[in-house]
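Asks: If it helps, the file is called entry-v4.txt and holds compact mmCIF, C-alpha atoms:
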```txt
# COMPACT_ATOMS: atom_id res chain seq x y z
CA LEU C 1 7.99 0.64 5.11
CA GLY C 2 6.18 -2.59 5.90
CA PHE C 3 3.97 -0.81 8.44
CA ILE C 4 3.05 1.93 5.97
CA GLY C 5 2.54 -0.43 3.03
CA TYR C 6 0.20 -2.70 4.96
CA ALA C 7 -1.57 0.27 6.56
CA LEU C 8 -2.34 1.75 3.13
CA TYR C 9 -3.39 -1.64 1.80
CA LEU C 10 -5.84 -2.30 4.66
CA PHE C 11 -7.06 1.29 4.74
CA VAL C 12 -8.23 1.13 1.12
CA ASN C 13 -9.50 -2.42 1.46
CA SER C 14 -11.50 -1.54 4.57
CA TRP C 15 -12.91 1.88 3.76
CA ALA C 16 -13.26 2.13 -0.03
CA PRO C 17 -16.45 -0.02 -0.10
CA SER C 18 -18.16 2.20 2.48
CA TYR C 19 -17.00 5.32 0.66
CA LEU C 20 -18.36 4.06 -2.66
CA THR C 21 -21.67 3.20 -1.00
CA ASP C 22 -22.02 6.37 1.08
CA ASP C 23 -20.66 8.99 -1.33
CA LEU C 24 -21.14 7.51 -4.80
CA GLN C 25 -24.42 5.74 -3.92
CA LEU C 26 -23.30 2.36 -5.27
CA SER C 27 -24.85 -0.75 -3.79
CA LEU C 28 -22.75 -2.41 -1.11
CA GLY C 29 -22.51 -5.51 -3.34
CA LEU C 30 -21.16 -3.53 -6.29
CA SER C 31 -18.85 -1.55 -4.02
CA GLY C 32 -17.46 -4.76 -2.56
CA ALA C 33 -17.00 -6.28 -6.01
CA LEU C 34 -15.17 -3.22 -7.30
CA VAL C 35 -12.93 -2.94 -4.25
CA ALA C 36 -12.14 -6.66 -4.51
CA LEU C 37 -10.10 -5.68 -7.56
CA PHE C 38 -7.70 -3.88 -5.23
CA PRO C 39 -6.31 -7.03 -3.54
CA ALA C 40 -6.96 -9.29 -6.55
CA VAL C 41 -4.44 -7.43 -8.68
CA GLY C 42 -1.83 -8.43 -6.09
CA VAL C 43 -1.63 -11.86 -7.71
CA LEU C 44 0.22 -10.19 -10.56
CA SER C 45 1.70 -7.24 -8.70
CA ARG C 46 3.58 -9.08 -5.98
CA VAL C 47 5.32 -11.26 -8.55
CA THR C 48 6.03 -8.22 -10.70
CA GLY C 49 7.75 -6.48 -7.76
CA GLY C 50 10.25 -9.32 -7.52
CA VAL C 51 10.75 -9.58 -11.27
CA LEU C 52 11.36 -5.83 -11.60
CA SER C 53 13.79 -5.86 -8.70
CA ASP C 54 15.71 -8.92 -9.93
CA THR C 55 15.85 -8.08 -13.62
CA LEU C 56 15.28 -4.40 -14.39
CA PHE C 57 17.03 -3.11 -11.27
CA GLY C 58 19.75 -5.77 -10.99
CA GLY C 59 18.67 -7.07 -7.59
CA ARG C 60 18.18 -3.65 -6.03
CA ARG C 61 15.03 -3.45 -3.89
CA ARG C 62 14.77 0.27 -3.11
CA PRO C 63 13.71 1.40 -6.63
CA VAL C 64 10.70 -0.92 -6.61
CA VAL C 65 9.65 0.10 -3.11
CA LEU C 66 10.02 3.77 -4.08
CA LEU C 67 8.04 3.20 -7.29
CA SER C 68 5.34 1.48 -5.26
CA PHE C 69 4.80 4.46 -2.98
CA LEU C 70 5.24 7.05 -5.74
CA ALA C 71 2.50 5.46 -7.82
CA ALA C 72 0.02 4.57 -5.06
CA THR C 73 0.20 7.73 -2.94
CA PRO C 74 -1.43 10.31 -5.24
CA ILE C 75 -4.20 7.89 -6.21
CA ILE C 76 -5.04 7.12 -2.59
CA ALA C 77 -4.82 10.78 -1.54
CA GLY C 78 -7.06 11.89 -4.41
CA PHE C 79 -9.41 8.92 -4.46
CA THR C 80 -12.42 10.86 -3.19
CA ALA C 81 -12.13 13.33 -6.08
CA ILE C 82 -12.97 10.53 -8.52
CA ARG C 83 -16.67 10.52 -9.32
CA THR C 84 -17.04 8.21 -12.36
CA ILE C 85 -17.14 4.45 -12.00
CA PRO C 86 -14.70 3.54 -14.82
CA VAL C 87 -12.11 5.90 -13.32
CA VAL C 88 -12.77 4.47 -9.83
CA VAL C 89 -12.11 0.99 -11.22
CA ALA C 90 -8.90 2.17 -12.90
CA ALA C 91 -7.77 3.89 -9.70
CA LEU C 92 -8.41 0.76 -7.63
CA LEU C 93 -6.48 -1.38 -10.11
CA VAL C 94 -3.51 0.99 -10.37
CA ALA C 95 -3.33 1.76 -6.63
CA GLY C 96 -3.76 -1.92 -5.74
CA PHE C 97 -1.06 -2.94 -8.19
CA ALA C 98 1.27 -0.18 -7.04
CA ILE C 99 1.05 -0.66 -3.29
CA GLN C 100 1.38 -4.43 -3.59
CA LEU C 101 4.58 -4.15 -5.63
CA CYS C 102 6.43 -3.71 -2.36
CA LEU C 103 4.43 -5.91 0.01
CA GLY C 104 6.13 -9.17 -0.91
CA LEU C 105 9.45 -7.57 -1.72
CA VAL C 106 9.96 -6.05 1.73
CA PHE C 107 10.33 -9.55 3.18
CA VAL C 108 13.26 -10.29 0.88
CA TYR C 109 14.59 -6.79 1.39
CA VAL C 110 14.75 -7.08 5.18
CA ARG C 111 16.53 -10.46 5.00
CA GLU C 112 19.20 -8.89 2.81
CA LEU C 113 19.75 -5.95 5.17
CA VAL C 114 20.64 -7.99 8.23
CA GLU C 115 23.21 -10.60 9.11
CA PRO C 116 22.15 -14.12 8.04
CA ALA C 117 22.11 -15.22 11.69
CA VAL C 118 19.18 -12.87 12.44
CA ALA C 119 17.33 -13.03 9.10
CA ALA C 120 14.43 -15.07 10.51
CA THR C 121 14.07 -12.65 13.41
CA ALA C 122 14.08 -9.70 11.00
CA VAL C 123 11.32 -11.29 8.90
CA ALA C 124 9.30 -12.08 12.03
CA PHE C 125 9.71 -8.49 13.24
CA LEU C 126 8.70 -7.12 9.83
CA THR C 127 5.64 -9.36 9.86
CA SER C 128 4.66 -8.02 13.28
CA VAL C 129 5.21 -4.41 12.25
CA GLY C 130 3.28 -4.91 8.99
CA LEU C 131 0.39 -6.53 10.84
CA ALA C 132 0.38 -3.63 13.28
CA GLY C 133 -0.11 -1.27 10.34
CA ALA C 134 -2.86 -3.50 8.99
CA PHE C 135 -4.52 -3.54 12.42
CA ILE C 136 -4.24 0.16 13.24
CA ALA C 137 -5.13 1.71 9.86
CA PRO C 138 -8.78 0.63 9.58
CA ILE C 139 -9.47 1.56 13.21
CA ALA C 140 -7.76 4.94 13.02
CA ALA C 141 -9.45 5.67 9.70
CA GLY C 142 -12.85 4.82 11.15
CA ARG C 143 -12.28 7.24 14.00
CA LEU C 144 -11.11 9.90 11.55
CA ILE C 145 -14.08 9.37 9.25
CA ASP C 146 -16.46 9.61 12.23
CA ALA C 147 -14.78 12.85 13.33
CA SER C 148 -14.54 14.39 9.85
CA ASN C 149 -15.17 12.70 6.50
CA TYR C 150 -13.82 10.29 3.89
CA GLU C 151 -11.91 13.06 2.11
CA THR C 152 -9.87 13.80 5.22
CA ALA C 153 -9.19 10.11 5.84
CA PHE C 154 -7.98 9.52 2.29
CA LEU C 155 -5.80 12.65 2.49
CA VAL C 156 -4.27 11.41 5.74
CA ALA C 157 -3.62 8.05 4.09
CA GLY C 158 -1.96 9.96 1.25
CA THR C 159 0.21 11.73 3.78
CA LEU C 160 1.22 8.35 5.14
CA GLY C 161 2.11 7.39 1.56
CA VAL C 162 4.30 10.50 1.29
CA LEU C 163 6.10 9.34 4.43
CA GLY C 164 6.59 5.92 2.81
CA THR C 165 7.97 7.61 -0.29
CA LEU C 166 10.44 9.65 1.76
CA LEU C 167 11.52 6.65 3.83
CA SER C 168 12.05 4.57 0.70
CA CYS C 169 14.31 7.30 -0.71
CA TYR C 170 16.61 6.84 2.28
CA ALA C 171 16.27 3.10 2.79
CA PRO C 172 19.60 1.31 2.57
CA GLU C 173 20.29 -0.92 -0.39
CA PRO C 174 21.50 -4.41 0.55
CA GLU C 175 25.14 -5.11 -0.21
CA LYS C 176 25.59 -7.75 -2.90
CA ALA C 177 28.21 -10.44 -2.48
```
Let me see the file written as structure tokens.
Replies:
Amino acid sequence: LGFIGYALYLFVNSWAPSYLTDDLQLSLGLSGALVALFPAVGVLSRVTGGVLSDTLFGGRRRPVVLLSFLAATPIIAGFTAIRTIPVVVAALLVAGFAIQLCLGLVFVYVRELVEPAVAATAVAFLTSVGLAGAFIAPIAAGRLIDASNYETAFLVAGTLGVLGTLLSCYAPEPEKA
């Protein structure tokens, strides 16, 4: 889930500015400013993921992770169908908020799934796996865009989001003491 979450995050962050410039004919400066909303909303979203998990879901992590993928996936998959700037801005804000709901939470989640003696190792492993997703996604997307187009790349990212949704449906819930 960490790999997929970070892959989606870096895919949008890396390729949305080029898409907006190439396909919607926005200036690179405006494209960059609009796409900057995507990570900026994480200031609120990452805190919200923890608050939702701790309060609304009684400490359960899976519902927030599932909600994250359920909300972000269709927006990312259909992003290239959006042709008006206000809707692009809304999509970036909602997708950015949604995918980042789980990015901070997965670090708590993984600690709660393993024995306390290996919690630091689990977090370190999750960090490595998440960074692998962040590293691979922009490169793979660039190759895919070169070979096809932005629409295909965003659809493939959406498919990755579907996989994240399915995995989060089956992710174990930590046992509470």
Asks: Have a look at CA of Thr165 in chain C and CA of Val123 in chain C and let me know their distance in Å, one decimal.
Replies: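 Going from CA of Thr165 in chain C over to CA of Val123 in chain C covers 21.3 Å.
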Asks: Taking all atoms listed in the file into account, name the residue in C:Ala81, C:Ile76, C:Ala36, C:Val162 that is nearest to Phe11 in chain C.
Replies: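 Checking each candidate against Phe11 in chain C, we get C:Ile76 as the closest.
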Asks: C:Pro138, C:Gly58, C:Pro63, C:Gly49: which is nearest Phe97 in chain C, counting only C-alpha atoms?
Replies: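 Checking each of C:Pro138, C:Gly58, C:Pro63, C:Gly49 against Phe97 in chain C, counting only C-alpha atoms, the winner is C:Gly49.
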Asks: Report, in Å to a single decimal, how far apart CA of Gly164 in chain C and CA of Asp54 in chain C are.
Replies: 21.6 Å
Asks: Residues within 12 Å of (20.5, -7.3, 5.5), file coordinates, counting only C-alpha atoms: what are they? Give the list as a PyMOL selection string.
Replies: chain C and resi 61+106-123+171-177
Asks: Counting all atoms listed in the file, which of C:Leu155, C:Ile4, C:Ala90, C:Leu101 gets nearest to Ala134 in chain C?
Replies: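 Using all atoms listed in the file, the shortest distance to Ala134 in chain C belongs to C:Ile4.
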Asks: Of the candidates C:Thr80, C:Ala71, C:Ser53, C:Thr159, which shows the shortest atom-to-atom distance to Leu105 in chain C, using all atoms listed in the file?
Replies: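 When distances to Leu105 in chain C are compared using all atoms listed in the file, the smallest one comes from C:Ser53.
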Asks: Could you give me, as a PyMOL selection string, the residues that sit within 12 Å of (-19.2, -4.3, -6.7) in the file's coordinates, counting all atoms listed in the file?
Replies: chain C and resi 16-18+20-21+25-38+85+88-89+92
Asks: Give me, please, the distance in Å between CA of Ala77 in chain C and CA of Gly130 in chain C, quoted to one decimal.
Replies: 20.6 Å
Asks: Do you know which residues are at most 9 Å from Leu8 in chain C counting only C-alpha atoms, after dropping those on the same chain fewer than 5 positions away, and could you put them as a ChimeraX atom specification?
Replies: /C:3,13,72-73,76,99,133-134,137,157-158,160-161
Asks: Which residues are near Arg46 in chain C? Cut-off 7 Å, all atoms listed in the file, ignore same chain within fewer than 5 positions. Put them as an NGL selection string.
Replies: :C and (100-101 or 103-104)
Asks: Skip Ala91 in chain C itself and residues of its chain fewer than 4 positions away, then list as number ranges by chain all residues within 7 Å of it, counting only C-alpha atoms.
Replies: C: 75, 87, 95
Asks: Of the residues C:Cys102, C:Leu66, C:Val156, C:Leu10, which is the one nearest to Val47 in chain C, using only C-alpha atoms?
Replies: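 Ranking C:Cys102, C:Leu66, C:Val156, C:Leu10 by distance to Val47 in chain C, first place goes to C:Cys102.
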Asks: Choose the residue, out of C:Leu1, C:Leu144, C:Ala7, C:Leu126, that has the smallest atom-to-atom separation from Ser68 in chain C; count only C-alpha atoms.
Replies: C:Leu1
